[in-house]
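Shown here: input-v3.cif, mmCIF, N, CA and C atoms.
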data_entry
loop_
_atom_site.label_atom_id
_atom_site.label_comp_id
_atom_site.auth_asym_id
_atom_site.auth_seq_id
_atom_site.Cartn_x
_atom_site.Cartn_y
_atom_site.Cartn_z
N MET A 1 -131.40 75.11 10.40
CA MET A 1 -131.94 73.99 11.11
C MET A 1 -131.81 72.70 10.28
N GLY A 2 -132.02 72.82 8.97
CA GLY A 2 -131.90 71.64 8.11
C GLY A 2 -130.51 71.04 8.14
N ILE A 3 -129.50 71.88 8.17
CA ILE A 3 -128.12 71.38 8.24
C ILE A 3 -127.88 70.68 9.57
N TRP A 4 -128.44 71.21 10.64
CA TRP A 4 -128.32 70.58 11.94
C TRP A 4 -128.96 69.19 11.91
N PHE A 5 -130.18 69.11 11.33
CA PHE A 5 -130.87 67.82 11.23
C PHE A 5 -130.08 66.82 10.39
N ILE A 6 -129.56 67.29 9.26
CA ILE A 6 -128.93 66.37 8.30
C ILE A 6 -127.63 65.78 8.83
N THR A 7 -127.00 66.46 9.79
CA THR A 7 -125.77 65.91 10.38
C THR A 7 -126.08 64.90 11.47
N ARG A 8 -127.33 64.79 11.88
CA ARG A 8 -127.69 63.91 12.98
C ARG A 8 -128.68 62.80 12.63
N HIS A 9 -129.33 62.90 11.48
CA HIS A 9 -130.39 61.95 11.14
C HIS A 9 -130.20 61.41 9.72
N PRO A 10 -130.67 60.18 9.48
CA PRO A 10 -130.59 59.61 8.13
C PRO A 10 -131.41 60.44 7.13
N ARG A 11 -130.89 60.58 5.93
CA ARG A 11 -131.53 61.42 4.92
C ARG A 11 -132.90 60.89 4.50
N ARG A 12 -133.00 59.60 4.28
CA ARG A 12 -134.25 59.00 3.84
C ARG A 12 -135.33 59.22 4.89
N ARG A 13 -135.00 59.01 6.14
CA ARG A 13 -135.96 59.24 7.23
C ARG A 13 -136.38 60.71 7.28
N MET A 14 -135.41 61.60 7.06
CA MET A 14 -135.77 63.03 7.03
C MET A 14 -136.77 63.33 5.93
N LEU A 15 -136.58 62.72 4.76
CA LEU A 15 -137.54 62.91 3.66
C LEU A 15 -138.92 62.39 4.06
N MET A 16 -138.97 61.22 4.66
CA MET A 16 -140.26 60.64 5.04
C MET A 16 -140.95 61.46 6.12
N VAL A 17 -140.21 61.87 7.13
CA VAL A 17 -140.79 62.71 8.19
C VAL A 17 -141.20 64.07 7.62
N GLY A 18 -140.34 64.64 6.78
CA GLY A 18 -140.66 65.93 6.17
C GLY A 18 -141.91 65.87 5.32
N LEU A 19 -142.04 64.84 4.49
CA LEU A 19 -143.22 64.69 3.65
C LEU A 19 -144.47 64.45 4.49
N THR A 20 -144.35 63.67 5.54
CA THR A 20 -145.49 63.43 6.43
C THR A 20 -145.93 64.75 7.08
N GLY A 21 -144.98 65.54 7.53
CA GLY A 21 -145.30 66.84 8.12
C GLY A 21 -145.93 67.79 7.12
N VAL A 22 -145.41 67.80 5.90
CA VAL A 22 -145.96 68.65 4.84
C VAL A 22 -147.39 68.23 4.51
N ILE A 23 -147.63 66.94 4.41
CA ILE A 23 -148.97 66.43 4.13
C ILE A 23 -149.94 66.85 5.23
N ALA A 24 -149.53 66.66 6.48
CA ALA A 24 -150.38 67.05 7.61
C ALA A 24 -150.66 68.55 7.60
N ALA A 25 -149.64 69.36 7.30
CA ALA A 25 -149.82 70.81 7.27
C ALA A 25 -150.75 71.23 6.13
N GLN A 26 -150.61 70.60 4.98
CA GLN A 26 -151.49 70.93 3.85
C GLN A 26 -152.93 70.53 4.15
N LEU A 27 -153.12 69.38 4.76
CA LEU A 27 -154.46 68.97 5.16
C LEU A 27 -155.02 69.94 6.20
N ALA A 28 -154.18 70.36 7.13
CA ALA A 28 -154.62 71.32 8.16
C ALA A 28 -155.03 72.65 7.54
N ILE A 29 -154.25 73.15 6.60
CA ILE A 29 -154.60 74.41 5.94
C ILE A 29 -155.96 74.26 5.23
N GLY A 30 -156.12 73.17 4.49
CA GLY A 30 -157.39 72.94 3.80
C GLY A 30 -158.56 72.85 4.76
N LEU A 31 -158.38 72.12 5.87
CA LEU A 31 -159.46 71.98 6.85
C LEU A 31 -159.78 73.30 7.54
N VAL A 32 -158.75 74.05 7.89
CA VAL A 32 -158.96 75.35 8.52
C VAL A 32 -159.76 76.26 7.59
N LEU A 33 -159.36 76.33 6.34
CA LEU A 33 -160.05 77.20 5.39
C LEU A 33 -161.46 76.70 5.09
N GLU A 34 -161.66 75.39 5.19
CA GLU A 34 -162.96 74.80 4.88
C GLU A 34 -163.93 74.89 6.07
N LEU A 35 -163.43 74.65 7.28
CA LEU A 35 -164.31 74.45 8.43
C LEU A 35 -164.39 75.61 9.42
N VAL A 36 -163.36 76.42 9.49
CA VAL A 36 -163.34 77.48 10.50
C VAL A 36 -163.92 78.76 9.89
N THR A 37 -164.81 79.39 10.62
CA THR A 37 -165.43 80.61 10.12
C THR A 37 -164.38 81.72 10.02
N PRO A 38 -164.52 82.56 8.99
CA PRO A 38 -163.55 83.65 8.81
C PRO A 38 -163.45 84.53 10.05
N GLY A 39 -162.21 84.89 10.36
CA GLY A 39 -161.95 85.73 11.53
C GLY A 39 -160.53 85.55 12.00
N LEU A 40 -160.27 86.09 13.17
CA LEU A 40 -158.92 86.08 13.72
C LEU A 40 -158.43 84.66 14.01
N VAL A 41 -159.29 83.82 14.57
CA VAL A 41 -158.89 82.44 14.90
C VAL A 41 -158.51 81.69 13.63
N ARG A 42 -159.31 81.84 12.60
CA ARG A 42 -159.01 81.18 11.32
C ARG A 42 -157.67 81.66 10.78
N SER A 43 -157.43 82.96 10.85
CA SER A 43 -156.16 83.51 10.34
C SER A 43 -154.97 82.94 11.09
N TYR A 44 -155.07 82.86 12.42
CA TYR A 44 -153.96 82.34 13.20
C TYR A 44 -153.75 80.84 12.98
N LEU A 45 -154.85 80.10 12.84
CA LEU A 45 -154.72 78.66 12.57
C LEU A 45 -154.11 78.42 11.19
N ALA A 46 -154.52 79.21 10.20
CA ALA A 46 -153.95 79.07 8.86
C ALA A 46 -152.47 79.44 8.89
N LEU A 47 -152.12 80.52 9.59
CA LEU A 47 -150.72 80.93 9.69
C LEU A 47 -149.89 79.85 10.39
N ALA A 48 -150.42 79.28 11.47
CA ALA A 48 -149.70 78.21 12.19
C ALA A 48 -149.47 77.01 11.26
N SER A 49 -150.48 76.67 10.47
CA SER A 49 -150.35 75.54 9.53
C SER A 49 -149.30 75.83 8.47
N ILE A 50 -149.26 77.07 7.99
CA ILE A 50 -148.26 77.46 7.00
C ILE A 50 -146.86 77.39 7.60
N LEU A 51 -146.71 77.81 8.85
CA LEU A 51 -145.40 77.74 9.51
C LEU A 51 -144.95 76.30 9.72
N VAL A 52 -145.90 75.42 10.05
CA VAL A 52 -145.56 73.99 10.17
C VAL A 52 -145.11 73.46 8.83
N PHE A 53 -145.85 73.82 7.76
CA PHE A 53 -145.46 73.42 6.42
C PHE A 53 -144.02 73.87 6.11
N LEU A 54 -143.73 75.14 6.37
CA LEU A 54 -142.39 75.67 6.09
C LEU A 54 -141.32 74.97 6.90
N PHE A 55 -141.61 74.66 8.16
CA PHE A 55 -140.63 73.95 8.99
C PHE A 55 -140.26 72.61 8.36
N PHE A 56 -141.27 71.82 8.01
CA PHE A 56 -141.00 70.49 7.46
C PHE A 56 -140.40 70.56 6.06
N HIS A 57 -140.88 71.50 5.25
CA HIS A 57 -140.35 71.58 3.89
C HIS A 57 -138.92 72.12 3.90
N GLN A 58 -138.70 73.27 4.48
CA GLN A 58 -137.39 73.89 4.45
C GLN A 58 -136.39 73.19 5.37
N GLY A 59 -136.87 72.70 6.51
CA GLY A 59 -135.97 72.07 7.47
C GLY A 59 -135.58 70.65 7.13
N MET A 60 -136.39 69.98 6.32
CA MET A 60 -136.10 68.57 6.03
C MET A 60 -136.05 68.29 4.53
N ILE A 61 -137.15 68.47 3.84
CA ILE A 61 -137.23 68.07 2.43
C ILE A 61 -136.23 68.83 1.57
N ALA A 62 -136.24 70.15 1.64
CA ALA A 62 -135.37 70.96 0.77
C ALA A 62 -133.90 70.68 1.06
N THR A 63 -133.55 70.55 2.32
CA THR A 63 -132.16 70.29 2.69
C THR A 63 -131.69 68.97 2.13
N VAL A 64 -132.49 67.93 2.30
CA VAL A 64 -132.12 66.60 1.81
C VAL A 64 -132.08 66.59 0.28
N TYR A 65 -133.05 67.24 -0.34
CA TYR A 65 -133.09 67.27 -1.81
C TYR A 65 -131.77 67.81 -2.37
N TRP A 66 -131.34 68.95 -1.88
CA TRP A 66 -130.12 69.56 -2.44
C TRP A 66 -128.89 68.71 -2.19
N LEU A 67 -128.85 68.03 -1.05
CA LEU A 67 -127.71 67.15 -0.78
C LEU A 67 -127.75 65.90 -1.65
N MET A 68 -128.92 65.30 -1.77
CA MET A 68 -129.02 64.05 -2.54
C MET A 68 -128.75 64.27 -4.03
N MET A 69 -128.99 65.46 -4.52
CA MET A 69 -128.69 65.72 -5.94
C MET A 69 -127.19 65.55 -6.23
N SER A 70 -126.37 65.69 -5.22
CA SER A 70 -124.94 65.51 -5.43
C SER A 70 -124.48 64.10 -5.07
N GLU A 71 -125.39 63.25 -4.57
CA GLU A 71 -124.99 61.92 -4.13
C GLU A 71 -125.53 60.77 -4.99
N LEU A 72 -126.67 60.94 -5.62
CA LEU A 72 -127.37 59.80 -6.21
C LEU A 72 -126.94 59.41 -7.62
N PHE A 73 -126.27 60.29 -8.33
CA PHE A 73 -126.00 60.02 -9.74
C PHE A 73 -124.58 59.49 -9.94
N PRO A 74 -124.38 58.66 -10.98
CA PRO A 74 -123.04 58.11 -11.25
C PRO A 74 -122.02 59.22 -11.49
N GLN A 75 -120.82 58.98 -11.05
CA GLN A 75 -119.74 59.97 -11.13
C GLN A 75 -119.55 60.52 -12.54
N ARG A 76 -119.60 59.65 -13.54
CA ARG A 76 -119.29 60.08 -14.91
C ARG A 76 -120.31 61.06 -15.48
N VAL A 77 -121.55 61.07 -14.94
CA VAL A 77 -122.58 61.99 -15.45
C VAL A 77 -123.20 62.83 -14.34
N ARG A 78 -122.59 62.84 -13.17
CA ARG A 78 -123.18 63.49 -12.00
C ARG A 78 -123.50 64.96 -12.24
N GLY A 79 -122.56 65.71 -12.78
CA GLY A 79 -122.78 67.14 -13.00
C GLY A 79 -123.92 67.40 -13.96
N LEU A 80 -123.93 66.68 -15.06
CA LEU A 80 -124.97 66.86 -16.08
C LEU A 80 -126.36 66.49 -15.54
N ILE A 81 -126.47 65.32 -14.93
CA ILE A 81 -127.78 64.87 -14.47
C ILE A 81 -128.24 65.66 -13.25
N ALA A 82 -127.33 66.01 -12.36
CA ALA A 82 -127.72 66.85 -11.22
C ALA A 82 -128.23 68.20 -11.72
N GLY A 83 -127.55 68.76 -12.69
CA GLY A 83 -128.01 70.02 -13.27
C GLY A 83 -129.38 69.89 -13.91
N LEU A 84 -129.60 68.78 -14.61
CA LEU A 84 -130.89 68.52 -15.23
C LEU A 84 -131.98 68.36 -14.16
N ALA A 85 -131.68 67.61 -13.12
CA ALA A 85 -132.65 67.39 -12.03
C ALA A 85 -133.01 68.72 -11.35
N ILE A 86 -132.02 69.55 -11.15
CA ILE A 86 -132.27 70.86 -10.52
C ILE A 86 -133.09 71.75 -11.45
N ALA A 87 -132.81 71.70 -12.75
CA ALA A 87 -133.60 72.48 -13.71
C ALA A 87 -135.05 72.02 -13.72
N VAL A 88 -135.27 70.71 -13.69
CA VAL A 88 -136.63 70.18 -13.65
C VAL A 88 -137.32 70.61 -12.36
N GLN A 89 -136.59 70.58 -11.25
CA GLN A 89 -137.16 71.01 -9.98
C GLN A 89 -137.60 72.48 -10.05
N TRP A 90 -136.80 73.32 -10.65
CA TRP A 90 -137.16 74.74 -10.78
C TRP A 90 -138.34 74.91 -11.73
N LEU A 91 -138.43 74.10 -12.78
CA LEU A 91 -139.61 74.16 -13.67
C LEU A 91 -140.88 73.79 -12.92
N PHE A 92 -140.79 72.77 -12.07
CA PHE A 92 -141.97 72.40 -11.27
C PHE A 92 -142.29 73.48 -10.24
N ASN A 93 -141.28 74.10 -9.64
CA ASN A 93 -141.53 75.23 -8.73
C ASN A 93 -142.30 76.32 -9.45
N ALA A 94 -141.86 76.66 -10.66
CA ALA A 94 -142.53 77.70 -11.44
C ALA A 94 -143.95 77.27 -11.79
N THR A 95 -144.13 76.01 -12.16
CA THR A 95 -145.46 75.51 -12.50
C THR A 95 -146.41 75.64 -11.31
N VAL A 96 -145.95 75.24 -10.14
CA VAL A 96 -146.78 75.37 -8.94
C VAL A 96 -147.08 76.84 -8.66
N ALA A 97 -146.08 77.69 -8.76
CA ALA A 97 -146.28 79.11 -8.48
C ALA A 97 -147.29 79.75 -9.44
N PHE A 98 -147.20 79.40 -10.72
CA PHE A 98 -148.12 79.98 -11.70
C PHE A 98 -149.51 79.34 -11.64
N CYS A 99 -149.59 78.07 -11.31
CA CYS A 99 -150.88 77.38 -11.27
C CYS A 99 -151.63 77.58 -9.96
N PHE A 100 -150.93 77.89 -8.90
CA PHE A 100 -151.58 77.98 -7.58
C PHE A 100 -152.74 78.98 -7.56
N PRO A 101 -152.57 80.21 -8.05
CA PRO A 101 -153.73 81.12 -8.03
C PRO A 101 -154.91 80.61 -8.83
N VAL A 102 -154.64 79.98 -9.97
CA VAL A 102 -155.71 79.43 -10.81
C VAL A 102 -156.41 78.29 -10.07
N LEU A 103 -155.64 77.39 -9.49
CA LEU A 103 -156.20 76.26 -8.74
C LEU A 103 -157.00 76.76 -7.54
N LEU A 104 -156.48 77.75 -6.85
CA LEU A 104 -157.19 78.31 -5.70
C LEU A 104 -158.53 78.92 -6.13
N HIS A 105 -158.52 79.57 -7.28
CA HIS A 105 -159.77 80.14 -7.81
C HIS A 105 -160.75 79.03 -8.19
N LEU A 106 -160.26 77.96 -8.80
CA LEU A 106 -161.13 76.87 -9.25
C LEU A 106 -161.62 75.97 -8.12
N PHE A 107 -160.71 75.62 -7.20
CA PHE A 107 -161.02 74.61 -6.18
C PHE A 107 -161.08 75.15 -4.77
N GLY A 108 -160.72 76.41 -4.56
CA GLY A 108 -160.72 76.97 -3.21
C GLY A 108 -159.77 76.22 -2.30
N SER A 109 -160.25 75.93 -1.09
CA SER A 109 -159.40 75.23 -0.11
C SER A 109 -159.08 73.80 -0.54
N GLY A 110 -159.84 73.27 -1.51
CA GLY A 110 -159.55 71.94 -2.04
C GLY A 110 -158.18 71.86 -2.68
N THR A 111 -157.63 73.00 -3.07
CA THR A 111 -156.29 73.04 -3.65
C THR A 111 -155.27 72.40 -2.70
N PHE A 112 -155.42 72.66 -1.41
CA PHE A 112 -154.48 72.12 -0.44
C PHE A 112 -154.62 70.61 -0.29
N PHE A 113 -155.83 70.10 -0.48
CA PHE A 113 -156.04 68.65 -0.46
C PHE A 113 -155.40 68.01 -1.70
N LEU A 114 -155.47 68.71 -2.82
CA LEU A 114 -154.81 68.23 -4.04
C LEU A 114 -153.30 68.14 -3.84
N PHE A 115 -152.71 69.20 -3.27
CA PHE A 115 -151.27 69.18 -3.02
C PHE A 115 -150.90 68.11 -2.00
N ALA A 116 -151.75 67.90 -1.01
CA ALA A 116 -151.48 66.84 -0.03
C ALA A 116 -151.48 65.47 -0.72
N ALA A 117 -152.41 65.26 -1.64
CA ALA A 117 -152.47 63.99 -2.38
C ALA A 117 -151.21 63.80 -3.23
N ILE A 118 -150.75 64.86 -3.86
CA ILE A 118 -149.51 64.77 -4.65
C ILE A 118 -148.34 64.40 -3.75
N ASN A 119 -148.32 64.97 -2.54
CA ASN A 119 -147.22 64.65 -1.62
C ASN A 119 -147.34 63.26 -1.03
N VAL A 120 -148.55 62.71 -0.97
CA VAL A 120 -148.70 61.30 -0.58
C VAL A 120 -148.00 60.42 -1.62
N LEU A 121 -148.17 60.77 -2.90
CA LEU A 121 -147.47 60.03 -3.96
C LEU A 121 -145.95 60.18 -3.81
N SER A 122 -145.50 61.38 -3.45
CA SER A 122 -144.07 61.59 -3.22
C SER A 122 -143.57 60.72 -2.07
N LEU A 123 -144.35 60.64 -1.00
CA LEU A 123 -143.96 59.82 0.14
C LEU A 123 -143.87 58.35 -0.25
N ILE A 124 -144.82 57.87 -1.03
CA ILE A 124 -144.79 56.48 -1.50
C ILE A 124 -143.53 56.25 -2.34
N PHE A 125 -143.20 57.20 -3.21
CA PHE A 125 -141.99 57.09 -4.02
C PHE A 125 -140.74 57.00 -3.14
N VAL A 126 -140.64 57.85 -2.14
CA VAL A 126 -139.48 57.83 -1.25
C VAL A 126 -139.40 56.49 -0.52
N ILE A 127 -140.51 56.02 -0.01
CA ILE A 127 -140.52 54.76 0.73
C ILE A 127 -140.08 53.60 -0.17
N ARG A 128 -140.55 53.58 -1.40
CA ARG A 128 -140.29 52.44 -2.28
C ARG A 128 -138.98 52.52 -3.05
N VAL A 129 -138.48 53.74 -3.35
CA VAL A 129 -137.38 53.86 -4.31
C VAL A 129 -136.11 54.50 -3.74
N VAL A 130 -136.24 55.54 -2.95
CA VAL A 130 -135.07 56.33 -2.56
C VAL A 130 -134.22 55.58 -1.54
N PRO A 131 -132.93 55.40 -1.82
CA PRO A 131 -132.05 54.70 -0.88
C PRO A 131 -131.52 55.65 0.20
N GLU A 132 -131.04 55.06 1.27
CA GLU A 132 -130.35 55.86 2.29
C GLU A 132 -128.94 56.14 1.80
N THR A 133 -128.51 57.37 1.89
CA THR A 133 -127.17 57.73 1.42
C THR A 133 -126.22 58.09 2.56
N ARG A 134 -126.74 58.32 3.73
CA ARG A 134 -125.89 58.72 4.86
C ARG A 134 -124.94 57.58 5.24
N GLY A 135 -123.69 57.94 5.44
CA GLY A 135 -122.71 56.97 5.87
C GLY A 135 -122.14 56.11 4.76
N ARG A 136 -122.47 56.40 3.53
CA ARG A 136 -121.93 55.63 2.39
C ARG A 136 -121.06 56.55 1.55
N SER A 137 -119.94 56.03 1.12
CA SER A 137 -119.11 56.81 0.20
C SER A 137 -119.82 56.89 -1.14
N LEU A 138 -119.48 57.87 -1.93
CA LEU A 138 -120.11 58.02 -3.24
C LEU A 138 -119.85 56.79 -4.11
N GLU A 139 -118.67 56.20 -3.99
CA GLU A 139 -118.33 55.02 -4.78
C GLU A 139 -119.18 53.82 -4.36
N LYS A 140 -119.34 53.61 -3.03
CA LYS A 140 -120.15 52.48 -2.56
C LYS A 140 -121.62 52.70 -2.91
N LEU A 141 -122.07 53.92 -2.81
CA LEU A 141 -123.45 54.22 -3.17
C LEU A 141 -123.70 53.98 -4.65
N GLU A 142 -122.75 54.39 -5.49
CA GLU A 142 -122.88 54.16 -6.93
C GLU A 142 -122.91 52.67 -7.23
N ALA A 143 -122.06 51.88 -6.59
CA ALA A 143 -122.04 50.43 -6.82
C ALA A 143 -123.36 49.81 -6.35
N HIS A 144 -123.87 50.25 -5.21
CA HIS A 144 -125.14 49.73 -4.70
C HIS A 144 -126.28 50.04 -5.67
N LEU A 145 -126.36 51.26 -6.15
CA LEU A 145 -127.44 51.64 -7.06
C LEU A 145 -127.33 50.91 -8.39
N GLU A 146 -126.10 50.73 -8.88
CA GLU A 146 -125.89 50.02 -10.15
C GLU A 146 -126.34 48.58 -10.01
N GLU A 147 -126.01 47.95 -8.89
CA GLU A 147 -126.41 46.56 -8.64
C GLU A 147 -127.92 46.46 -8.52
N ARG A 148 -128.52 47.40 -7.81
CA ARG A 148 -129.96 47.36 -7.56
C ARG A 148 -130.79 47.69 -8.80
N LEU A 149 -130.30 48.59 -9.62
CA LEU A 149 -131.09 49.07 -10.75
C LEU A 149 -130.77 48.41 -12.10
N SER A 150 -129.71 47.62 -12.16
CA SER A 150 -129.39 47.01 -13.46
C SER A 150 -129.81 45.57 -13.52
#
Can you turn what I pasted into structure tokens?
Amino acid sequence: MGIWFITRHPRRRMLMVGLTGVIAAQLAIGLVLELVTPGLVRSYLALASILVFLFFHQGMIATVYWLMMSELFPQRVRGLIAGLAIAVQWLFNATVAFCFPVLLHLFGSGTFFLFAAINVLSLIFVIRVVPETRGRSLEKLEAHLEERLS
């Protein structure tokens, strides 16, 4: 589905919509766990919120992330920096995976509000910093970024 989206929609907009959906889903999970009494309804609402999260993350954010890693860096260092960015991304994935049970134990459903807040910061970063790459050649994109950032 992400590949279908990415061929039809601007990448930057996909990141913003994806992050907005992820934030809403994380808030929904936190609210469901906080406000709904344990039982079948709570389980189905939590599951629905998790599926919404997965749709926005896997269908939009993850797809755009992997594509942009090959588009945003200067040609002369693209392989090295893309590899570094991907390694850092995997380190953060591991950090979240290892810290999640501890955070859940310490903060309970508040953990999802914490992650939503982190993703609000991600959304602000995308809005303020990330350029649109769709429809631009790698050379034109590199020249644009060099002009903008130097």
### Query
For Phe113 (chain A), which residue out of A:Val22, A:Leu35, A:Leu27, A:Leu54 is the nearest one, using only N, CA and C atoms?
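Of A:Val22, A:Leu35, A:Leu27, A:Leu54, the one nearest Phe113 (chain A), counting only N, CA and C atoms, is A:Leu27.
Between atom C of Ala28 (chain A) and CA of Ile50 (chain A) the separation is 8.3 Å.
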### Message
Starting from the PyMOL selection byres (((chain A and resi 4 and name CA) around 12) and name CA), expand the selection into actual residues of this file and give them as a list in words.
### Response
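Selected by the PyMOL selection byres (((chain A and resi 4 and name CA) around 12) and name CA) in this file: Met1, Gly2, Ile3, Phe5, Ile6, Thr7, Arg8, His9, Pro10, Arg11, Met14, Gly59, Met60, Thr63 and Val64 of chain A.
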### Message
Report, in Å with one decimal, the straight-line distance from CA of Val102 (chain A) to CA of Leu19 (chain A).
### Response
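So the answer is 24.1 Å.
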